[in-house]
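For reference, the structure discussed in these notes is given below.
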Amino acid sequence: MAEAIIQADHISKIFPMPSGEDFYALKDISLTIPKGKLTIFRGRSGSGKTTLMNVLCALDAASSGTVLFDGIDLTGKNEDECSLIRRDRIGFVFQSVALIPMMTAYENVEYALRLGNYEGDYAARVMECLKMVGLANRADHLPEEMSGGEQQRVAIARAIAHRPKVIFADEPTAELDTNTGLQVVKIFKELVEKEGDTVVMTTHDVGLMEVGDLVYELEDGAITSVTHNDREADA
Amino acid sequence: MFDFVIQKMLNCKWIMICLLIGNIFMVSVACANPMYTDAIQIKSLNRKISDYVEENNAYPGTVTVDAVLESKNGAANTESFVKARETFQGMQKKFKLDSLEEVSHYYVEKMPALTENIYGDAQKEVSLAIGYMSDFPEHTKMVSGEMYAGKVTDDGIIDAVISQKGLVTQRLILGEILTFDDIKLTDGNPLKIRISGVFENSREDDLYWVNSPNALASELFIDENLFKEQLMNEDDPQNKIRAAFYLILDCTQMRENKISHLLEQAKWYTNYYSQENGQVFRANFVSLLEDHVKMMSRVRATLRILQVPILILLIAFICMVSGQILEIEKNDIAILKSRGAGKKQILRIYFLQSAVIAGIAVVIGLPFAALLCQLFGSANAFLSFVSRGALSLRLTWSVLGYCLASVILCMIAMIVPVFSYANTSIVEHKQNKNSLKKKPIWKKFYLDVLVTAISVYGLFTFHRQQDTLAAAVKKGAALDPLLYLCSSLFIIGVGLLLLRLLPLLLKLLFRVIKNKLDPAVYAAFLRMVRSFHKQNFIMIFLILTLALGIFNAKAAHTINSNEEKRIDYQVGADVVLQEKWINVNEDEAAGAGQDAENANAQMPEEGPVSADDYIEPDFDKYLTIDGVRHAAKVYVTDDATISVMTDISDIEENMESYDEEVIKAYYDSKGTIKEYAVSQKVQLMGIHTKNFGQSARFDTRLLPRHWYHYLNAISQNSTAVLVSQNFHDQLGYQLGDQLSYITATGENITGIIFGFVDYWPTYNPQTQVVDESGNETSMPNFLIVANLSRLQAVDGVLPYQVWLDVEDSTQCVYDFIGEKNIKLDYFNDSYAAQIDMKNDPMIQGTNGILTMGFIVILILAVTGLLIYWVISVQSRALQFGIFRAMGMTMKEILRMLICEQAIITLPSILLGVACGLTAARLFVPLIQIAYSSGDLSLPLSMAGAFWDISKMFIVVFLGIGACTWMIGRMINRIHISQALKLGED
């Protein structure tokens, strides 16, 4: 078993309802995210996978339980502290294409470097990342000039640019057609296999379960099954 | 549907309130103009009426018809006379005003008469008229003797009364009998009159006395019936009878809606009576009402013009806000469309919404307009108010018209943007959503260049026609609307032009500093560089508001300060007065001179004055007045002359245009004319330099050096004089030349020219004269300023003016004069003149409207900024989510937004200020022309409006501060995960 980069212990997320009752979005979840692997949270809409991911990546705080991210306890961290953790250690890919509209592909990627205090040659790294997603030739294009799949690839390039510890992708294929979706997933796999990056992804697509090294299935805020697809074993 | 619309409006109530503010302003600004002009016309007419009474000592409602009844070559003009009288009797109904008095005055013209009295004094000849006035006894009281009897005595004598003044001036006594050989009674005998009594008017303010008893001093009044029987004999008049019919109309009923009718009627009657010989129609109110109509049309036109930019700005504001609302609601519109709602249905929703807003705007806007009018009415200067009597405001048809028009405009401004949204489907909408490539129309068609070019062309044209403009204003024309429009176009054009250049500069700057910026500032810059045209609207809006604000402030300050300066200059000091000096000669001519109107009329035009005739009143008393700082004796006369050698040919060609006494011929030894000397009138001022310098008000910038230098110069030498510049330019005098001039007493004095001055307190370099053909020509005025001591040494002490410098109010002078019962020949109070100026409807309205414009502009600028930012933040929630997710801290996001704000507002503010100042510099001098009254043209100086502009900045920066605060709050509320979810929708 690979070294864990994230360790969650008994985390719950409670949303107060207008009726006065509490709604448990996450119910006492404990899990580990291994380093250098592609971990997938799968579940239907409303199963709590995005909430879980938000808690793990310091976008949202758990109502109870602890999250240890790369050795840092996220419990009790304020927004700004969380921001600093995110900017250095985490890369995001969102369901809807979340590029900054007035920045070109190049600038979008470069912006992650600026924010993440990347020490090194910006231009080389940006082009490297764009090449990795196969879009080196679209560097100067604005998001509006690219297709959805291309935009999502740029988003991936941006997510990996500053060499984060973990890349989180929330339903990255949901708005894409099957082929483009597969392309995107392929990139994630390559990142894990070739670069040794850690990727955490949510999906509702049963077809993608094969792709992940580790798959957590969620239902009603609780993990219902854990599947290990041990590649090394296969080899 | 209605419920749906209301619900929709409540959902975004804040922005609806902004829209409502725009609409309320629109309605109230539009309605305030007609409301104010209506109220001010009543006020100004009343004022004009009272001024008329004061200045002319006559009631403006008086209508007079003169007619003559006589028999020429055996034929009497009885028919035309009776017709004239009958027409007069129908007049009051035709004028449709109540009459206060109707008086008929018949008289036989002044005829010689021989007197005989009981004391047996020697007979003397007097010249008197005989007449009667209708209802005479009711309006008189007897001072002595008794009222005339209604019958002829047995000796054929008729009793008559005479006014008190008549008795004195004609040197008659009670009971004296006068025989008029030239006036025949019906029996053919000459008229014999016995003076039975002396009368005076029974009430001081009796309108019956169109001519006061004093003015009727040379007329004897007899009984009406006796006059008709014995002297008139209407069918076959044996004497020439003159009649004056007076109709005194109630002036307080003269209102705007009756004015044109009154003037038309007056014109008709003038024409009607002019057709008969000896018949004349006069209505005192004609010139007054004509003036009033002219002035009101000028005020109306000016205010309308001044209002236009504010209205345009308001329309732009309404367009902007409704655009923003649509921007928020475009998703809903697209959804409605995708669910099958037609374009018509969507338009109907927005029509209903705008109708609701406009409806509320009318309800609030009209009372608000009334409030604005009161504000106008109390405007004393720009952004300064005093309490004056409240204006009586009315809801007239024209106000309602303006209201309706403004509502229609508002609704158009709110509905037009809907069309483009109602047309796009959800797909197009998504495609257009973030388009960065769309160029605005004005950029595409170079409208900015075009507009700037038009305005600059206009500016040059107006500059060339400056004189024509000034002449037109003097004839009563208002500010040329095109001129003001040009100034607004200039601001818009230049603003847009600069906005075209600004992105280039920004790009350049960004390229240079890009790598040194921290992520937040970098993102802000990048957004602004890439989406600059999206910010155009708020920027041009800011530029326009600031530029207009500055322009308004500058224009108002310049107009006010130049008028104030002109008044100061024309009056000369805080108070300038001349006491009535006791004239030894006049005093001898009995104490009859109490009545001002006759004293003036009888003032004989005699030879040169002499100091021996006058007794100098005490001057030092003025220095004892508490509140007077300085006083100066200033001797002023227009009767001094100089001799100007003139070319022979010039004189001989135009000999007839000169009065004989002004030309003097010089002969050579052979007796032929060598040259002519033309005597030229000059204005001579004698001053005591130190006192004058302390008391006179003079703008030091009018002369190349401080005017004290000039005073000091002539104080060194008693013969030194300062002369006007035209002595040098037109007569060729140089510094140090000797100048000999003849004073009003005829003494010849030689002075040495120590300096030339373009301007001097009260001195007007040119007078505009209208010649017989109606052309205006300007005549130069020559001025000599000499030492008073020198003039007095030669001329003696002649009546001089006293110039006073007071501490802070001239009231002390009034009190002093009243207390000491000082009689004055001349009095001028610059404080009062300034108050008069500020009460002038034109100036007052201008100050009011410019102030109102300024305040509206400020409110709009701040509201505009707020809306813009609130919506900008709201619509970018997803982006902030991304930034936050990527690890940007709250502070960084706020920094980014502040930086964005700075990039938008700072250049806008700078450009706005630059535009406003430039436009003011270029256009205000031309606009000022419309306000310059009189023919004195002082060099125009632009008034600084530093404090007002600072106020504007304070408000704008407060607005920006409020924006930042609100944005901070909004961002704090954005929950990242929610924002990201929102984006997913």
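Ligands are numbered from 1 in the order shown, residues from 1 within each chain, and chains are lettered A, B, ... in the order they appear in the structure tokens.
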Would you pick out the contacts of region 46-58 of chain A at 9 Å or less, using only C-alpha atoms, so that residues sharing its chain but fewer than 3 positions from it are not included, and give the list as a PyMOL selection string?
(chain A and resi 6-8+11-13+25-26+29+41-43+61-62+67-69+74+77+79+82-83+85-86+90+166+168-171+200-203+217-222) or (chain B and resi 885+977)
Output as JSON lines one row per residue of chain A within 6 Å of chain B: the closest atom pair and its distance in Å to one decimal place, counting only C-alpha atoms, sorted by chain and residue number ascending.
```
{"residue": "A:Asp80", "atom": "CA", "partner": "B:Thr889", "partner_atom": "CA", "distance": 5.3}
{"residue": "A:Ser83", "atom": "CA", "partner": "B:Gly887", "partner_atom": "CA", "distance": 4.2}
{"residue": "A:Leu84", "atom": "CA", "partner": "B:Gly887", "partner_atom": "CA", "distance": 5.7}
{"residue": "A:Arg86", "atom": "CA", "partner": "B:Gly887", "partner_atom": "CA", "distance": 4.8}
{"residue": "A:Arg87", "atom": "CA", "partner": "B:Gly887", "partner_atom": "CA", "distance": 3.9}
{"residue": "A:Ser96", "atom": "CA", "partner": "B:Glu984", "partner_atom": "CA", "distance": 5.2}
{"residue": "A:Met102", "atom": "CA", "partner": "B:Arg530", "partner_atom": "CA", "distance": 5.9}
{"residue": "A:Arg114", "atom": "CA", "partner": "B:Pro519", "partner_atom": "CA", "distance": 5.9}
{"residue": "A:Leu115", "atom": "CA", "partner": "B:Pro519", "partner_atom": "CA", "distance": 5.9}
```
Limited to N, CA and C atoms, could you put the picked residues into a file as a CSV table (one decimal), in the first residue's frame?
```
chain,number,residue,atom,x,y,z
A,80,ASP,N,-8.2,31.8,5.3
A,80,ASP,CA,-7.0,32.2,4.7
A,80,ASP,C,-5.9,31.1,4.7
A,83,SER,N,-6.6,28.8,2.2
A,83,SER,CA,-6.3,29.3,0.9
A,83,SER,C,-4.8,29.0,0.6
A,84,LEU,N,-4.0,29.2,1.6
A,84,LEU,CA,-2.6,29.1,1.4
A,84,LEU,C,-2.2,27.6,1.2
A,86,ARG,N,-4.2,25.5,-0.2
A,86,ARG,CA,-4.7,25.2,-1.5
A,86,ARG,C,-3.8,25.7,-2.6
A,87,ARG,N,-3.3,26.9,-2.4
A,87,ARG,CA,-2.6,27.5,-3.5
A,87,ARG,C,-1.2,26.7,-3.8
A,96,SER,N,-17.8,22.2,-14.4
A,96,SER,CA,-18.0,23.2,-15.5
A,96,SER,C,-16.7,23.8,-15.8
A,102,MET,N,-11.1,36.0,-19.5
A,102,MET,CA,-10.3,36.9,-20.3
A,102,MET,C,-8.8,36.5,-20.4
A,114,ARG,N,1.8,31.7,-10.9
A,114,ARG,CA,1.9,33.0,-10.2
A,114,ARG,C,1.4,32.8,-8.7
A,115,LEU,N,0.2,32.2,-8.7
A,115,LEU,CA,-0.5,32.1,-7.4
A,115,LEU,C,0.3,31.1,-6.5
```
Give the answer as one residue: which of B:Leu938, B:Leu850, B:Val103, B:Leu249 has the shortest atom-to-atom distance to Tyr569 (chain B), using only C-alpha atoms?
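Among B:Leu938, B:Leu850, B:Val103, B:Leu249, it is B:Leu938 that comes nearest to Tyr569 (chain B).
Coordinates place CA of Asn828 (chain B) at a distance of 26.4 Å from CA of Ala470 (chain B).
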Excluding Ser144 (chain B) and residues on its chain fewer than 2 positions from it, collect all residues at most 7 Å away from it, counting only C-alpha atoms, and give them as a count of residues only.
4
Once DSSP has gone over the backbone, tell me which residues of region 229-263 of chain B are in strand (DSSP E), as a PyMOL selection string.
chain B and resi 241-249
Show which residues sit within 12 Å of Phe188 (chain A), as a PyMOL selection string. Count only C-alpha atoms, and ignore same-chain residues fewer than 6 positions away.
chain A and resi 36-40+93+132-133+152-153+155-157+159-160+166-169+172-173+181-182+194-201+208+211-213
Could you pull out the helix (DSSP H, G or I) residues of chain A, going by DSSP on the backbone, and write them as number ranges by chain?
A: 49-56, 79-89, 105-115, 122-132, 136-138, 143-145, 148-161, 178-195, 206-210, 231-234
Write out as an MDAnalysis selection string each polymer residue whose atoms come within 7 Å of Ile784 (chain B), counting only C-alpha atoms; drop sequence neighbours fewer than 4 positions from it.
chainID B and resid 683:685 721:724
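Going from CA of Ser163 (chain B) over to CA of Ala67 (chain B), you cover 24.0 Å.
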Could you give me, as a short mmCIF file (atom, residue, chain, number, x, y, z; two decimals) with C-alpha atoms, in the first residue's frame, the residues within 9 Å of Ile949 (chain B), counting only C-alpha atoms and dropping anything in the same chain fewer than 4 positions from it?
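Once everything was written out, this is selection-v9.cif:
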```
data_model
loop_
_atom_site.label_atom_id
_atom_site.label_comp_id
_atom_site.auth_asym_id
_atom_site.auth_seq_id
_atom_site.Cartn_x
_atom_site.Cartn_y
_atom_site.Cartn_z
CA GLY B 549 -20.07 68.65 -12.85
CA ILE B 550 -16.87 70.60 -13.23
CA ALA B 553 -19.37 74.51 -11.33
CA LYS B 554 -16.98 76.52 -13.46
CA ALA B 945 -14.40 76.49 -8.37
CA PHE B 953 -14.36 64.63 -5.30
CA ILE B 954 -15.17 64.03 -1.69
#
```
What's around region 168-180 of chain B at 7 Å? Count only C-alpha atoms, leave out sequence neighbours fewer than 6 positions away in its own chain, and write the answer as a VMD selection string.
chain B and resid 111 to 118 126 190 to 197
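Here the question is which of B:Val797, B:Leu371, B:Leu459, B:Ile859 gets nearest to Asp613 (chain B) using only C-alpha atoms, and that residue is B:Val797.
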Ranking A:Gly149, A:Ser30, A:Leu135, A:His162 by minimum distance to Phe92 (chain A) and counting only C-alpha atoms, which one comes first?
A:His162
